[in-house]
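To keep things clear, I will list the structure first and then write my remarks on it.
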Amino acid sequence: MPTFRWEEIQKHNLRTDRWLVIDRKVYNVTKWSQRHPGGHRVIGHYSGEDATDAFRAFHLDLDFVGKFLKPLLIGELAPEEPSLDRGKSSQITEDFRALKKTAEDMNLFKTNHLFFFLLLSHIIVMESIAWFILSYFGNGWVPTLITAFVLATSQAQAGWLQHDYGHLSVYKKSIWNHIVHKFVIGHLKGASANWWNHRHFQHHAKPNIFHKDPDIKSLHVFVLGEWQPLEYGKKKLKYLPYNHQHEYFFLIGPPLLIPMYFQYQIIMTMISRRDWVDLAWAISYYVRFFYTYIPFYGILGALVFLNFIRFLESHWFVWVTQMNHIVMEIDLDHYRDWFSSQLAATCNVEQSFFNDWFSGHLNFQIEHHLFPTMPRHNLHKIAPLVKSLCAKHGIEYQEKPLLRALLDIVRFTEEVWGAVAGRLPP
């Protein structure tokens, strides 16, 4: 079998020429990436790198997925080459893999199906309560507002639940996760499973990395981190008054992300990719919603009601997801090992029954990023071992109270964004 040095492998990191390494084996994934169920971009983000831990993190049945790898095998690393590229820490990687083996021995990847049944049930109960409120009390302002908050809560919780199925963390067989995922995100939320997969897996593969994590792709509306303001300053780019971005973030970020940006992106993605299955699931949501609420509000009123619910949900979603990420390092790719890269981009919020429910257990963002297929009800069990591993290698493990985590977003936007704005052209 041919052998390769890292110097040669790292040259194959183009969209038209992609190699990667898994367990010291070299694979040419150029053509396969276009057929990859998780999208071609997530594979492209690891072109020219060792992708062993990412590969193991995202796939349930490694033997099954390995069958697709065999035809792509072109060689292996030369004997004298290290298993990791670019000076990534072999000791941290070895310890992390031992930690994952410990988690497997502790059955932490085993699902409590009653837990997820209750989550789905309480979402359906809230949907029923919303209809009952309007049926019994009428469509006045007070019942309408109460119903909107109930439905926004239902939508937020459905968002956390689809996240579980999307990560294949409920059933042992991927196919069952995919089927229920399409039901929850499609019929209960009116969104696309494939759109979510292609977007969200990139975020997990390279969190808070410019040009690789779509969650920090701000479309010139905001400038983030340390690198982007400098880049905009060099190129004299100024599409908006970025010196005020810490103020207008609260006007256009939380209110508009879901009702405008996500909705437009979802619909256009399904149409452009001819994803008719996801489109059918999404249409079933809209049919159900308008059939239920047009009798109370009429067509235009029901449309306004829908967008008001998404307006409320969008605030919930943005604050929860950004309290773990936006306050962390945002930069170009430093090609760290899996463990170090996830810790640099994530932090935790303290555990409580409310925090777990409110955030869909994303208060354990560190553990979720390290073990994305682990059922969320087990994340707190692995957390002490993750803390110990961080302490051993001098890596900061951040954990905060919920209120402080939310206030840190405000502090970040005021202090950090206000400071970096001074680096931009006037």
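Residues are named by chain letter and number: chains run A, B, ... in the order of the structure tokens, numbers start at 1 in each chain, and ligands are numbered from 1 in the order shown.
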Counting only C-alpha atoms, which residues of region 187-292 of chain A fall within 10 Å of region 365-383 of chain A, and what is the closest atom pair for each with its distance in Å at one decimal, ordered by chain and rising number, as a tab-separated table?
```
residue	atom	partner	partner_atom	distance
A:Phe201	CA	A:Pro372	CA	9.7
A:His203	CA	A:His369	CA	9.6
A:His204	CA	A:His369	CA	6.5
A:Ala205	CA	A:His369	CA	8.9
A:Pro207	CA	A:His369	CA	9.0
```
Might you pull out every residue within 7 Å of Pro255 (chain A), with only C-alpha atoms counted and same-chain residues fewer than 4 positions away left off, and present them as an MDAnalysis selection string? chainID A and resid 251 311 314:315
In region 42-227 of chain A, DSSP strand (DSSP E) residues written as a ChimeraX atom specification: /A:73-77
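The shell of residues at most 7 Å from Tyr165 (chain A), with only C-alpha atoms counted and near chain neighbours (fewer than 3 positions) removed, consists of Leu161, Gln162, Leu168, Ser169, Val170, Asn177, His178, Val180 and His181 of chain A.
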For Asn194 (chain A), the nearest of the candidates A:Thr321, A:Gln34, A:Thr269, A:Ser135, counting only C-alpha atoms: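 Residue with the minimum atom-to-atom distance to Asn194 (chain A): A:Thr269.
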So that I can check the surroundings of region 336-351 of chain A, please list as a PyMOL selection string every protein, DNA and RNA residue that reaches within 8 Å of it, counting only C-alpha atoms and ignoring chain neighbours fewer than 5 positions away. chain A and resi 53-54+88-89+92-93+96+206-208+324-325+328-330+356+362-366+369-370+380+395-402+405
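Distance-wise, CA of Phe58 (chain A) and CA of Lys31 (chain A) end up 20.0 Å apart.
Closest approach to Ile146 (chain A) among A:Phe249, A:Phe290, A:Trp357, A:Phe305 is made by A:Phe305 (distances from only C-alpha atoms).
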Apply DSSP to the backbone of this structure and, from region 12-235 of chain A, keep only the residues in alpha helix (DSSP H); write these as an NGL selection string. :A and (40-44 or 52-58 or 62-69 or 90-105 or 113-137 or 141-166 or 174-182 or 193-205 or 227-235)
So that I can see what lies close to Arg5 (chain A), please list as a PyMOL selection string the residues with an atom at most 9 Å from it, counting only C-alpha atoms and leaving out residues fewer than 3 positions away in the same chain. chain A and resi 8-10+76-78+80-81
Which residue out of A:Lys189, A:Arg15, A:Lys392, A:Lys173 has the minimum interatomic distance to Tyr285 (chain A) when only C-alpha atoms are used?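 Of the candidates, the smallest distance to Tyr285 (chain A) is held by A:Lys189.
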Residues within 6 Å of Ala130 (chain A), only C-alpha atoms, excluding chain neighbours under 3 positions, as a list in words: Glu127, Ile133 and Thr147 of chain A
Please tabulate, as JSON lines, the residues of region 133-223 of chain A that come within 9 Å of region 231-241 of chain A, each with its closest pair of atoms and the distance in Å to one decimal, counting only C-alpha atoms and ordering rows by chain, then residue number upward.
```
{"residue": "A:His220", "atom": "CA", "partner": "A:Tyr239", "partner_atom": "CA", "distance": 6.5}
{"residue": "A:Val221", "atom": "CA", "partner": "A:Leu240", "partner_atom": "CA", "distance": 6.7}
{"residue": "A:Phe222", "atom": "CA", "partner": "A:Leu240", "partner_atom": "CA", "distance": 8.2}
{"residue": "A:Val223", "atom": "CA", "partner": "A:Tyr232", "partner_atom": "CA", "distance": 8.2}
```
Could you name the residues that touch Tyr261 (chain A) at 12 Å or less, counting only C-alpha atoms, but leaving out those on the same chain fewer than 3 positions away, as a ChimeraX atom specification? /A:218-219,252-258,264-269,310-311,314
With only C-alpha atoms as the basis for distance, which of A:Val150, A:Val318, A:Met126, A:Val21 is at the shortest distance from Asp85 (chain A)?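 Looking at the shortest contact to Asp85 (chain A), the residue is A:Val21.
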For CA of Arg35 (chain A) and CA of Asp23 (chain A), the interatomic separation in Å (one decimal): 22.1 Å
